>>> print(open('upload28.pdb').read())   # PDB, C-alpha atoms
ATOM      1  CA  ASN A  87      34.143 -28.923  17.149  1.00  0.00           C
ATOM      2  CA  VAL A  88      32.018 -30.819  19.663  1.00  0.00           C
ATOM      3  CA  ALA A  89      32.803 -28.187  22.316  1.00  0.00           C
ATOM      4  CA  ASN A  90      30.866 -25.564  20.287  1.00  0.00           C
ATOM      5  CA  ASN A  91      27.199 -26.228  19.627  1.00  0.00           C
ATOM      6  CA  ALA A  92      25.719 -25.180  16.314  1.00  0.00           C
ATOM      7  CA  ALA A  93      23.924 -21.839  16.478  1.00  0.00           C
ATOM      8  CA  ALA A  94      21.719 -19.793  14.175  1.00  0.00           C
ATOM      9  CA  VAL A  95      23.639 -17.414  11.907  1.00  0.00           C
ATOM     10  CA  THR A  96      23.161 -13.824  13.075  1.00  0.00           C
ATOM     11  CA  ASN A  97      20.732 -11.801  10.904  1.00  0.00           C
ATOM     12  CA  ALA A  98      20.134 -14.727   8.507  1.00  0.00           C
ATOM     13  CA  PRO A  99      16.616 -15.375   7.178  1.00  0.00           C
ATOM     14  CA  THR A 100      14.725 -18.175   8.914  1.00  0.00           C
ATOM     15  CA  ASP A 101      12.308 -20.849   7.685  1.00  0.00           C
ATOM     16  CA  ASN A 102      14.426 -21.539   4.579  1.00  0.00           C
ATOM     17  CA  LEU A 103      13.871 -24.569   2.354  1.00  0.00           C
ATOM     18  CA  SER A 104      17.542 -25.083   1.517  1.00  0.00           C
ATOM     19  CA  LEU A 105      20.994 -23.481   1.501  1.00  0.00           C
ATOM     20  CA  ILE A 106      23.816 -23.473  -1.031  1.00  0.00           C
ATOM     21  CA  VAL A 107      27.189 -21.767  -1.296  1.00  0.00           C
ATOM     22  CA  THR A 108      27.773 -20.373  -4.784  1.00  0.00           C
ATOM     23  CA  GLY A 109      31.041 -20.599  -6.681  1.00  0.00           C
ATOM     24  CA  GLU A 110      31.588 -16.911  -5.865  1.00  0.00           C
ATOM     25  CA  ARG A 111      31.366 -17.703  -2.111  1.00  0.00           C
ATOM     26  CA  PHE A 112      27.918 -16.270  -1.388  1.00  0.00           C
ATOM     27  CA  LEU A 113      25.484 -18.145   0.840  1.00  0.00           C
ATOM     28  CA  PHE A 114      22.068 -18.487  -0.849  1.00  0.00           C
ATOM     29  CA  ALA A 115      19.035 -19.073   1.372  1.00  0.00           C
ATOM     30  CA  LEU A 116      16.482 -20.776  -0.877  1.00  0.00           C
ATOM     31  CA  GLY A 117      12.850 -20.291   0.059  1.00  0.00           C
ATOM     32  CA  ALA A 118      14.124 -17.534   2.357  1.00  0.00           C
ATOM     33  CA  GLY A 119      11.933 -16.337   5.187  1.00  0.00           C
ATOM     34  CA  GLY A 120       9.277 -18.935   4.400  1.00  0.00           C
ATOM     35  CA  ASN A 121       8.624 -17.559   0.884  1.00  0.00           C
ATOM     36  CA  PRO A 122       8.880 -20.652  -1.386  1.00  0.00           C
ATOM     37  CA  ARG A 123      10.062 -18.567  -4.375  1.00  0.00           C
ATOM     38  CA  LYS A 124      12.546 -16.226  -2.670  1.00  0.00           C
ATOM     39  CA  VAL A 125      16.316 -16.427  -3.041  1.00  0.00           C
ATOM     40  CA  GLN A 126      18.263 -14.290  -0.564  1.00  0.00           C
ATOM     41  CA  TRP A 127      22.032 -14.026  -0.315  1.00  0.00           C
ATOM     42  CA  CYS A 128      24.412 -12.549   2.208  1.00  0.00           C
ATOM     43  CA  ASP A 129      27.366 -10.305   1.479  1.00  0.00           C
ATOM     44  CA  ARG A 130      30.303 -12.194  -0.025  1.00  0.00           C
ATOM     45  CA  GLU A 131      32.038 -14.205   2.704  1.00  0.00           C
ATOM     46  CA  ASP A 132      30.064 -12.452   5.461  1.00  0.00           C
ATOM     47  CA  ASN A 133      27.114 -14.609   6.439  1.00  0.00           C
ATOM     48  CA  THR A 134      25.922 -12.053   9.033  1.00  0.00           C
ATOM     49  CA  VAL A 135      25.142  -9.300   6.467  1.00  0.00           C
ATOM     50  CA  TRP A 136      21.840 -10.064   4.693  1.00  0.00           C
ATOM     51  CA  THR A 137      20.396  -6.582   4.142  1.00  0.00           C
ATOM     52  CA  ALA A 138      21.257  -5.096   0.738  1.00  0.00           C
ATOM     53  CA  LEU A 139      23.088  -1.759   0.949  1.00  0.00           C
ATOM     54  CA  ALA A 140      25.158   0.245  -1.525  1.00  0.00           C
ATOM     55  CA  THR A 141      28.220  -0.793   0.502  1.00  0.00           C
ATOM     56  CA  ASN A 142      27.734  -4.576   0.237  1.00  0.00           C
ATOM     57  CA  GLU A 143      26.674  -7.330  -2.170  1.00  0.00           C
ATOM     58  CA  ALA A 144      23.771  -8.804  -0.185  1.00  0.00           C
ATOM     59  CA  GLY A 145      20.443  -9.077  -1.975  1.00  0.00           C
ATOM     60  CA  ASP A 146      17.333 -11.046  -2.755  1.00  0.00           C
ATOM     61  CA  ILE A 147      14.881 -11.817  -5.528  1.00  0.00           C
ATOM     62  CA  GLU A 148      11.568 -13.598  -5.843  1.00  0.00           C
ATOM     63  CA  LEU A 149      11.724 -16.009  -8.771  1.00  0.00           C
ATOM     64  CA  GLN A 150       9.014 -15.567 -11.391  1.00  0.00           C
ATOM     65  CA  THR A 151       7.557 -19.048 -11.076  1.00  0.00           C
ATOM     66  CA  SER A 152       4.389 -20.711  -9.884  1.00  0.00           C
ATOM     67  CA  GLY A 153       6.473 -23.425  -8.229  1.00  0.00           C
ATOM     68  CA  GLN A 154       8.381 -23.691  -4.997  1.00  0.00           C
ATOM     69  CA  ILE A 155      12.161 -23.953  -4.800  1.00  0.00           C
ATOM     70  CA  MET A 156      13.346 -27.518  -4.375  1.00  0.00           C
ATOM     71  CA  ALA A 157      17.146 -27.327  -4.641  1.00  0.00           C
ATOM     72  CA  GLY A 158      20.206 -25.420  -5.744  1.00  0.00           C
ATOM     73  CA  VAL A 159      23.214 -26.968  -7.486  1.00  0.00           C
ATOM     74  CA  ARG A 160      26.513 -25.352  -8.450  1.00  0.00           C
ATOM     75  CA  THR A 161      27.490 -25.768 -12.076  1.00  0.00           C
ATOM     76  CA  ARG A 162      30.005 -24.153 -14.444  1.00  0.00           C
ATOM     77  CA  GLY A 163      29.973 -20.426 -13.643  1.00  0.00           C
ATOM     78  CA  GLN A 164      26.376 -20.530 -12.406  1.00  0.00           C
ATOM     79  CA  THR A 165      24.094 -21.786  -9.689  1.00  0.00           C
ATOM     80  CA  LEU A 166      21.099 -23.741 -10.954  1.00  0.00           C
ATOM     81  CA  ILE A 167      17.938 -23.343  -8.900  1.00  0.00           C
ATOM     82  CA  LEU A 168      15.303 -26.001  -9.418  1.00  0.00           C
ATOM     83  CA  THR A 169      11.673 -25.542  -8.468  1.00  0.00           C
ATOM     84  CA  ASP A 170       8.990 -28.180  -8.664  1.00  0.00           C
ATOM     85  CA  GLN A 171       7.924 -26.547 -11.975  1.00  0.00           C
ATOM     86  CA  ASP A 172      10.998 -25.132 -13.742  1.00  0.00           C
ATOM     87  CA  ALA A 173      14.724 -24.286 -13.630  1.00  0.00           C
ATOM     88  CA  HIS A 174      16.510 -20.944 -13.166  1.00  0.00           C
ATOM     89  CA  ALA A 175      20.191 -20.072 -13.609  1.00  0.00           C
ATOM     90  CA  ALA A 176      21.772 -17.525 -11.272  1.00  0.00           C
ATOM     91  CA  THR A 177      24.838 -15.835 -12.759  1.00  0.00           C
ATOM     92  CA  TYR A 178      27.127 -13.494 -10.861  1.00  0.00           C
ATOM     93  CA  GLN A 179      27.161 -10.004 -12.436  1.00  0.00           C
ATOM     94  CA  GLY A 180      28.800  -7.891  -9.742  1.00  0.00           C
ATOM     95  CA  PRO A 181      27.442  -4.696  -8.182  1.00  0.00           C
ATOM     96  CA  PRO A 182      24.947  -3.140  -8.270  1.00  0.00           C
ATOM     97  CA  PHE A 183      22.688  -6.104  -9.198  1.00  0.00           C
ATOM     98  CA  VAL A 184      25.110  -8.810  -7.970  1.00  0.00           C
ATOM     99  CA  TYR A 185      23.183 -11.746  -9.507  1.00  0.00           C
ATOM    100  CA  GLY A 186      21.110 -12.125 -12.645  1.00  0.00           C
ATOM    101  CA  PHE A 187      18.421 -14.790 -12.774  1.00  0.00           C
ATOM    102  CA  GLU A 188      17.105 -16.423 -15.939  1.00  0.00           C
ATOM    103  CA  ARG A 189      14.537 -19.169 -16.434  1.00  0.00           C
ATOM    104  CA  VAL A 190      16.347 -21.845 -18.437  1.00  0.00           C
ATOM    105  CA  GLY A 191      13.641 -24.510 -18.517  1.00  0.00           C
ATOM    106  CA  SER A 192       9.904 -24.976 -18.088  1.00  0.00           C
ATOM    107  CA  ALA A 193       7.930 -28.138 -17.256  1.00  0.00           C
ATOM    108  CA  CYS A 194      11.153 -29.687 -15.935  1.00  0.00           C
ATOM    109  CA  GLY A 195      10.805 -29.293 -12.182  1.00  0.00           C
ATOM    110  CA  ALA A 196      12.571 -31.580  -9.725  1.00  0.00           C
ATOM    111  CA  ILE A 197      10.503 -34.415  -8.265  1.00  0.00           C
ATOM    112  CA  CYS A 198      12.032 -33.828  -4.808  1.00  0.00           C
ATOM    113  CA  ARG A 199      14.829 -31.945  -3.012  1.00  0.00           C
ATOM    114  CA  LYS A 200      17.573 -34.591  -3.377  1.00  0.00           C
ATOM    115  CA  ALA A 201      16.909 -35.597  -7.004  1.00  0.00           C
ATOM    116  CA  ALA A 202      19.616 -33.376  -8.580  1.00  0.00           C
ATOM    117  CA  VAL A 203      23.258 -34.316  -9.160  1.00  0.00           C
ATOM    118  CA  GLY A 204      26.005 -31.931 -10.291  1.00  0.00           C
ATOM    119  CA  VAL A 205      28.848 -33.410 -12.359  1.00  0.00           C
ATOM    120  CA  ASP A 206      31.407 -32.039 -14.833  1.00  0.00           C
ATOM    121  CA  GLU A 207      28.924 -32.356 -17.718  1.00  0.00           C
ATOM    122  CA  GLY A 208      26.294 -30.254 -15.913  1.00  0.00           C
ATOM    123  CA  VAL A 209      23.349 -30.941 -13.620  1.00  0.00           C
ATOM    124  CA  PHE A 210      21.132 -34.003 -14.021  1.00  0.00           C
ATOM    125  CA  TRP A 211      17.861 -34.433 -12.158  1.00  0.00           C
ATOM    126  CA  MET A 212      14.753 -36.557 -12.008  1.00  0.00           C
ATOM    127  CA  GLY A 213      11.595 -34.669 -12.820  1.00  0.00           C
ATOM    128  CA  LYS A 214       7.996 -35.730 -12.408  1.00  0.00           C
ATOM    129  CA  ARG A 215       7.868 -37.530 -15.764  1.00  0.00           C
ATOM    130  CA  GLY A 216      11.476 -37.916 -16.932  1.00  0.00           C
ATOM    131  CA  PHE A 217      15.139 -37.040 -16.560  1.00  0.00           C
ATOM    132  CA  HIS A 218      16.680 -33.654 -17.367  1.00  0.00           C
ATOM    133  CA  LEU A 219      20.102 -32.084 -17.979  1.00  0.00           C
ATOM    134  CA  TYR A 220      21.324 -28.509 -17.747  1.00  0.00           C
ATOM    135  CA  SER A 221      24.799 -27.908 -19.142  1.00  0.00           C
ATOM    136  CA  GLY A 222      24.397 -24.218 -19.959  1.00  0.00           C
ATOM    137  CA  GLY A 223      21.920 -22.553 -22.268  1.00  0.00           C
ATOM    138  CA  ALA A 224      18.648 -24.452 -21.828  1.00  0.00           C
ATOM    139  CA  VAL A 225      17.384 -27.565 -20.066  1.00  0.00           C
ATOM    140  CA  MET A 226      17.306 -30.720 -22.169  1.00  0.00           C
ATOM    141  CA  ASP A 227      15.321 -33.901 -21.663  1.00  0.00           C
ATOM    142  CA  VAL A 228      17.584 -36.919 -21.254  1.00  0.00           C
ATOM    143  CA  PRO A 229      16.520 -39.838 -23.462  1.00  0.00           C
ATOM    144  CA  SER A 230      16.166 -43.004 -21.407  1.00  0.00           C
ATOM    145  CA  ASP A 231      15.182 -46.586 -22.173  1.00  0.00           C
ATOM    146  CA  VAL A 232      14.057 -47.071 -18.553  1.00  0.00           C
ATOM    147  CA  VAL A 233      11.891 -43.974 -18.047  1.00  0.00           C
ATOM    148  CA  ASP A 234       8.591 -45.843 -18.569  1.00  0.00           C
ATOM    149  CA  TYR A 235       9.672 -48.621 -16.213  1.00  0.00           C
ATOM    150  CA  VAL A 236      10.906 -46.266 -13.459  1.00  0.00           C
ATOM    151  CA  PHE A 237       7.894 -43.959 -13.475  1.00  0.00           C
ATOM    152  CA  GLY A 238       5.485 -46.891 -13.843  1.00  0.00           C
ATOM    153  CA  ASP A 239       7.024 -48.678 -10.832  1.00  0.00           C
ATOM    154  CA  MET A 240       7.328 -45.720  -8.440  1.00  0.00           C
ATOM    155  CA  ASN A 241       5.436 -45.271  -5.158  1.00  0.00           C
ATOM    156  CA  GLU A 242       4.198 -41.725  -5.811  1.00  0.00           C
ATOM    157  CA  ALA A 243       3.329 -41.207  -2.135  1.00  0.00           C
ATOM    158  CA  GLN A 244       7.027 -41.647  -1.255  1.00  0.00           C
ATOM    159  CA  THR A 245       8.743 -39.489  -3.908  1.00  0.00           C
ATOM    160  CA  SER A 246      10.294 -37.241  -1.244  1.00  0.00           C
ATOM    161  CA  LYS A 247      12.712 -40.119  -0.516  1.00  0.00           C
ATOM    162  CA  ILE A 248      14.219 -40.141  -4.017  1.00  0.00           C
ATOM    163  CA  TYR A 249      17.854 -39.146  -4.280  1.00  0.00           C
ATOM    164  CA  GLY A 250      20.447 -39.085  -7.010  1.00  0.00           C
ATOM    165  CA  VAL A 251      24.150 -39.929  -6.914  1.00  0.00           C
ATOM    166  CA  SER A 252      27.045 -39.860  -9.342  1.00  0.00           C
ATOM    167  CA  ASN A 253      28.845 -43.122 -10.094  1.00  0.00           C
ATOM    168  CA  GLN A 254      32.004 -41.516 -11.484  1.00  0.00           C
ATOM    169  CA  ALA A 255      33.789 -44.815 -12.069  1.00  0.00           C
ATOM    170  CA  PHE A 256      31.322 -45.597 -14.873  1.00  0.00           C
ATOM    171  CA  ASN A 257      30.265 -42.045 -15.844  1.00  0.00           C
ATOM    172  CA  GLU A 258      26.716 -42.740 -14.620  1.00  0.00           C
ATOM    173  CA  ILE A 259      23.996 -41.015 -12.620  1.00  0.00           C
ATOM    174  CA  TRP A 260      21.847 -43.244 -10.412  1.00  0.00           C
ATOM    175  CA  TRP A 261      18.513 -42.470  -8.786  1.00  0.00           C
ATOM    176  CA  PHE A 262      17.240 -44.449  -5.819  1.00  0.00           C
ATOM    177  CA  TYR A 263      13.467 -44.466  -5.386  1.00  0.00           C
ATOM    178  CA  PRO A 264      10.743 -46.433  -3.586  1.00  0.00           C
ATOM    179  CA  SER A 265       9.183 -48.898  -5.999  1.00  0.00           C
ATOM    180  CA  ALA A 266       5.420 -49.227  -6.187  1.00  0.00           C
ATOM    181  CA  ALA A 267       5.390 -52.081  -3.649  1.00  0.00           C
ATOM    182  CA  SER A 268       7.679 -50.340  -1.154  1.00  0.00           C
ATOM    183  CA  THR A 269       7.831 -47.362   1.163  1.00  0.00           C
ATOM    184  CA  GLU A 270      11.662 -47.262   1.120  1.00  0.00           C
ATOM    185  CA  ASN A 271      14.322 -47.045  -1.586  1.00  0.00           C
TER
END
>>> encode(input="upload28.pdb", output="structure tokens")
Amino acid sequence: NVANNAAAVTNAPTDNLSLIVTGERFLFALGAGGNPRKVQWCDREDNTVWTALATNEAGDIELQTSGQIMAGVRTRGQTLILTDQDAHAATYQGPPFVYGFERVGSACGAICRKAAVGVDEGVFWMGKRGFHLYSGGAVMDVPSDVVDYVFGDMNEAQTSKIYGVSNQAFNEIWWFYPSAASTEN
């Protein structure tokens, strides 16, 4: 509504890296409060309650990683959180812990914040040296005939501009990236 300006959510953490709404209708603040490894969530369907109490489902956790959170993607019954080093699955457990977090992949971090794509098969993303898939269980490397070409022709100073999209008509995932001779995709 153009008559109502956007405003900060009351009591929400600030200086977040990203936000995502989980399948269970919780708002996750990723990199909450300026901590690049912290995930904080509000009470279910109440984005003004961020302090964990016995009477609500708000909470937070600091991921056990040396990386910083890059993105969150909803996938079958979980929320996948990608850092620049590894991948973690958040699974709803209900009170009192609300969410359980498990590292599901190492040395598979996302190359940038927009490099992940969620589709029916799972979550695909571009890492720093290849392509990865999480479809439950553990992260898998995606074999690719073009990986050497793509990573050999990439402007590494512009990787923050990379983004992935789903081409559902052909069951494909595409990544747009700046080639070595360019500063734009």
>>> closest_residue(input="upload28.pdb", among="A:Ala202, A:Pro122, A:Val236, A:Ala255", to="Gly216 (chain A)", atoms="only C-alpha atoms")
A:Val236
>>> resolve_selection(input="upload28.pdb", expression="the PyMOL selection byres ((chain A and resi 152-166) around 6)", output="list in words")
Pro122, Arg123, Thr151, Ile167, Leu168, Thr169, Asp170, Gln171, His174, Ala175, Ala176, Thr177 and Arg199 of chain A
>>> atom_distance(input="upload28.pdb", atom1="CA of Ala94 (chain A)", atom2="CA of Trp127 (chain A)")
15.6 Å
>>> resolve_selection(input="upload28.pdb", expression="the PyMOL selection byres ((chain A and resi 101) around 10)", output="PyMOL selection string")
chain A and resi 98-100+102-104+115-122
>>> closest_residue(input="upload28.pdb", among="A:Gly186, A:Gly250, A:Pro181, A:Gly223", to="Cys198 (chain A)", atoms="all atoms listed in the file")
A:Gly250
>>> resolve_selection(input="upload28.pdb", expression="the PyMOL selection byres ((chain A and resi 224) around 12)", output="ChimeraX atom specification")
/A:166,172-175,188-192,194,208-209,218-223,225-227
>>> atom_distance(input="upload28.pdb", atom1="CA of Leu113 (chain A)", atom2="CA of Tyr249 (chain A)")
22.9 Å
>>> closest_residue(input="upload28.pdb", among="A:Asn90, A:Gln244, A:Asn142, A:Ser230", to="Ile259 (chain A)", atoms="all atoms listed in the file")
A:Ser230
>>> atom_distance(input="upload28.pdb", atom1="CA of Trp261 (chain A)", atom2="CA of Ala193 (chain A)")
19.7 Å
>>> residues_around(input="upload28.pdb", residues="Phe262 (chain A)", least_positions_apart="2", cutoff="9 Å", atoms="all atoms listed in the file", output="MDAnalysis selection string")
chainID A and resid 201 247:251 260 264 271
>>> closest_residue(input="upload28.pdb", among="A:Ile106, A:Ile147, A:Ala243, A:Ala89", to="Thr269 (chain A)", atoms="all atoms listed in the file")
A:Ala243
>>> residues_around(input="upload28.pdb", residues="Val135 (chain A)", least_positions_apart="6", cutoff="7 Å", atoms="only C-alpha atoms", output="list in words")
Asn97, Cys128, Asp129 and Ala144 of chain A
>>> residues_around(input="upload28.pdb", residues="Pro182 (chain A)", least_positions_apart="4", cutoff="12 Å", atoms="all atoms listed in the file", output="CSV table (one decimal) with C-alpha atoms, keeping the file's coordinate frame")
chain,number,residue,atom,x,y,z
A,138,ALA,CA,21.3,-5.1,0.7
A,139,LEU,CA,23.1,-1.8,0.9
A,140,ALA,CA,25.2,0.2,-1.5
A,141,THR,CA,28.2,-0.8,0.5
A,142,ASN,CA,27.7,-4.6,0.2
A,143,GLU,CA,26.7,-7.3,-2.2
A,144,ALA,CA,23.8,-8.8,-0.2
A,145,GLY,CA,20.4,-9.1,-2.0
A,178,TYR,CA,27.1,-13.5,-10.9
A,186,GLY,CA,21.1,-12.1,-12.6
>>> closest_residue(input="upload28.pdb", among="A:Asn87, A:Arg111, A:Asp146, A:Ala267", to="Phe183 (chain A)", atoms="all atoms listed in the file")
A:Asp146
>>> closest_residue(input="upload28.pdb", among="A:Trp211, A:Tyr263, A:Tyr185, A:Phe256", to="Gly238 (chain A)", atoms="all atoms listed in the file")
A:Tyr263
>>> build_atoms(input="upload28.pdb", residues="region 150-161 of chain A", atoms="all heavy atoms", output="JSON list (two decimals), in the frame of the given file")
[["chain", "number", "residue", "atom", "x", "y", "z"],
["A", 150, "GLN", "N", 10.28, -15.64, -10.66],
["A", 150, "GLN", "CA", 9.01, -15.57, -11.39],
["A", 150, "GLN", "C", 8.63, -16.98, -11.80],
["A", 150, "GLN", "O", 8.95, -17.46, -12.88],
["A", 150, "GLN", "CB", 9.15, -14.65, -12.61],
["A", 150, "GLN", "CG", 9.49, -13.22, -12.24],
["A", 150, "GLN", "CD", 8.44, -12.61, -11.32],
["A", 150, "GLN", "OE1", 7.26, -12.57, -11.65],
["A", 150, "GLN", "NE2", 8.86, -12.17, -10.15],
["A", 151, "THR", "N", 7.96, -17.66, -10.87],
["A", 151, "THR", "CA", 7.56, -19.05, -11.08],
["A", 151, "THR", "C", 6.30, -19.31, -10.27],
["A", 151, "THR", "O", 6.05, -18.63, -9.28],
["A", 151, "THR", "CB", 8.67, -20.03, -10.63],
["A", 151, "THR", "OG1", 8.23, -21.38, -10.84],
["A", 151, "THR", "CG2", 9.05, -19.84, -9.17],
["A", 152, "SER", "N", 5.54, -20.30, -10.68],
["A", 152, "SER", "CA", 4.39, -20.71, -9.88],
["A", 152, "SER", "C", 4.77, -21.85, -8.95],
["A", 152, "SER", "O", 3.96, -22.30, -8.15],
["A", 152, "SER", "CB", 3.24, -21.14, -10.79],
["A", 152, "SER", "OG", 3.64, -22.23, -11.60],
["A", 153, "GLY", "N", 6.01, -22.31, -9.06],
["A", 153, "GLY", "CA", 6.47, -23.42, -8.23],
["A", 153, "GLY", "C", 7.15, -22.98, -6.96],
["A", 153, "GLY", "O", 7.32, -21.79, -6.69],
["A", 154, "GLN", "N", 7.58, -23.97, -6.18],
["A", 154, "GLN", "CA", 8.38, -23.69, -5.00],
["A", 154, "GLN", "C", 9.78, -24.23, -5.22],
["A", 154, "GLN", "O", 9.98, -25.23, -5.91],
["A", 154, "GLN", "CB", 7.76, -24.30, -3.74],
["A", 154, "GLN", "CG", 7.87, -25.81, -3.65],
["A", 154, "GLN", "CD", 7.60, -26.31, -2.25],
["A", 154, "GLN", "OE1", 8.19, -25.85, -1.28],
["A", 154, "GLN", "NE2", 6.68, -27.25, -2.14],
["A", 155, "ILE", "N", 10.77, -23.55, -4.64],
["A", 155, "ILE", "CA", 12.16, -23.95, -4.80],
["A", 155, "ILE", "C", 12.37, -25.31, -4.14],
["A", 155, "ILE", "O", 11.95, -25.54, -3.01],
["A", 155, "ILE", "CB", 13.11, -22.90, -4.20],
["A", 155, "ILE", "CG1", 12.98, -21.58, -4.99],
["A", 155, "ILE", "CG2", 14.54, -23.41, -4.21],
["A", 155, "ILE", "CD1", 13.73, -20.42, -4.37],
["A", 156, "MET", "N", 13.04, -26.19, -4.88],
["A", 156, "MET", "CA", 13.35, -27.52, -4.38],
["A", 156, "MET", "C", 14.83, -27.66, -4.02],
["A", 156, "MET", "O", 15.16, -28.26, -3.01],
["A", 156, "MET", "CB", 12.98, -28.58, -5.43],
["A", 156, "MET", "CG", 11.50, -28.61, -5.79],
["A", 156, "MET", "SD", 10.45, -29.00, -4.41],
["A", 156, "MET", "CE", 10.64, -30.76, -4.31],
["A", 157, "ALA", "N", 15.72, -27.11, -4.86],
["A", 157, "ALA", "CA", 17.15, -27.33, -4.64],
["A", 157, "ALA", "C", 17.97, -26.32, -5.42],
["A", 157, "ALA", "O", 17.50, -25.71, -6.38],
["A", 157, "ALA", "CB", 17.53, -28.74, -5.08],
["A", 158, "GLY", "N", 19.21, -26.19, -5.01],
["A", 158, "GLY", "CA", 20.21, -25.42, -5.74],
["A", 158, "GLY", "C", 21.43, -26.29, -5.97],
["A", 158, "GLY", "O", 21.80, -27.08, -5.09],
["A", 159, "VAL", "N", 22.04, -26.17, -7.15],
["A", 159, "VAL", "CA", 23.21, -26.97, -7.49],
["A", 159, "VAL", "C", 24.22, -26.07, -8.20],
["A", 159, "VAL", "O", 23.86, -25.37, -9.16],
["A", 159, "VAL", "CB", 22.86, -28.16, -8.41],
["A", 159, "VAL", "CG1", 24.08, -29.02, -8.69],
["A", 159, "VAL", "CG2", 21.74, -29.00, -7.81],
["A", 160, "ARG", "N", 25.47, -26.11, -7.75],
["A", 160, "ARG", "CA", 26.51, -25.35, -8.45],
["A", 160, "ARG", "C", 26.88, -26.06, -9.74],
["A", 160, "ARG", "O", 26.99, -27.28, -9.80],
["A", 160, "ARG", "CB", 27.76, -25.24, -7.57],
["A", 160, "ARG", "CG", 27.58, -24.24, -6.48],
["A", 160, "ARG", "CD", 28.68, -24.16, -5.48],
["A", 160, "ARG", "NE", 30.03, -24.41, -5.94],
["A", 160, "ARG", "CZ", 31.09, -24.30, -5.16],
["A", 160, "ARG", "NH1", 30.94, -23.94, -3.91],
["A", 160, "ARG", "NH2", 32.28, -24.53, -5.62],
["A", 161, "THR", "N", 27.05, -25.25, -10.79],
["A", 161, "THR", "CA", 27.49, -25.77, -12.08],
["A", 161, "THR", "C", 28.40, -24.73, -12.71],
["A", 161, "THR", "O", 28.56, -23.63, -12.17],
["A", 161, "THR", "CB", 26.28, -26.13, -12.97],
["A", 161, "THR", "OG1", 26.75, -26.80, -14.15],
["A", 161, "THR", "CG2", 25.43, -24.94, -13.31]]
